[in-house]
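K.L.:
Let me begin by handing over the structure; questions about it come next.
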Amino acid sequence: MVPASSTAAAAVILWAVLSSSAAAFNVTQILGQHPEYSQFNDLLSKTGVAGEINSRQTITVLAVGNDAAGEISSKAAEVQKRILSTHVALDYFDAMKLNGIKDNGTVITTLFQTTGAAQNRQGFITVGHDATGAVAFGSAAAGSPVDAKLLGVVAAQPYNISVLHISHPIMANGIDGNWTAAPPAPAAKSPAPSTGKTVSDAPAASDSGAAAPAPAASPAAKSPAAAAAPGSAPAPSPADGPGAADAPSGNDSPADQGSSAAKQVVSGAAAVASLVVALLQN
């Protein structure tokens with residue numbers, strides 16, 4: 001039979017183990033040793049994010065100094081909590097591990113992702129190296145800058161908690177409800193101004209690139225005198241020949257043409273009558 005004292009001792013040991021595993025660290029106490037992060041520490045406590053951090057086994061906190069914490073404290077309480085939650089990575093990262101990252105697009109899950117309120121990758125942060133080789137953080141949400149630089153290590157308890165100092169808060173696009181508008185589509189190009197000429201107005205080009213010569217004047221356009229060959233007889237005038245004056249002209253009106261036709265009929269009838277009289281007399 002196991003003595004009662006031994007059972008009690010075992011229970012105390014088990015409680016101590018469970019307590020130590022349930023509260024492996026206290027982020028408030030860690031940051032409390034560094035007054036330059038007092039405002040960030042107060043924000044973690046007021047929003048309840050500190051308790052969520054302490055309930056985890058492995059965590060990395062990206063803290064900002066008092067000179068940059070005002071950018072968070074100026075927001076509404078609910079927005080403060082969202083922002084602070086994106087500063088808590090659900091993995092252990094120290095300076096050596098971060099400097100060893102080769103892929104500039106490494107994506108890390110944050111505490112904000114576990115809330116179910118994150119939208120469009122707001123619950124993730126991107127870590128990589130900037131143009132100077134410095135480690136830089138930013139939200140993975142589209143339109144968010146990746147320019148919060150790693151400045152140093154505040155505290156580390158491998159491999160439970162790492163507290164790192166970054167230059168300024170990580171602001172995910174739309175985390176305060178104000179999404180950055182998409183860039184406007186490029187404006188359509190205006191059509192070239194018209195010169196007022198159509199294709200038919202432009203001169204035709206020859207193979208050499210010079211303008212084609214204008215077509216020669218039609219022979220019909222020449223006057224009758226110019227068209228006559230040298231030494232030829234002049235064209236008969238309208239007065240020449242019988243009945244020439246009575247022929248209708250192409251320029252006469254229909255009434256004039258009818259009058260000319262009537263005259264021709266009368267003239268023809270008179271000629272026939274003269275012929276009949278001459279035959280009767282013979």
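Quick note on naming: the chains in the structure tokens go A, B, ... in the order shown, residues restart at 1 in each chain, and ligands are numbered from 1 in order of appearance.
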So which bits of range 35-85 of chain A end up helix (DSSP H, G or I) when you DSSP the backbone, as a VMD selection string?
P.N.:
chain A and resid 35 to 47 49 to 54 66 to 73 77 to 85
K.L.:
Restricting the calculation to only C-alpha atoms: of A:Val27, A:Ala69, A:Leu44, A:Met171, which residue gets closest to Phe137 in chain A?
P.N.:
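Under the stated criterion, the closest residue is A:Met171.
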K.L.:
Which of these residues is nearest to Thr60 in chain A, using only C-alpha atoms: A:Gly174, A:Gly48, A:Gly100, A:Pro158?
P.N.:
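That would be A:Pro158, the residue with the smallest distance to Thr60 in chain A.
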K.L.:
Do a neighbour search on Asp42 in chain A at 10 Å with only C-alpha atoms, toss out local chain neighbours closer than 5 positions, and write the hits as a count of residues only.
P.N.:
8
K.L.:
For the atom pair CA of Glu71 in chain A and CA of Gln157 in chain A, what is the interatomic distance in Å to one decimal place?
P.N.:
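A separation of 28.3 Å between them.
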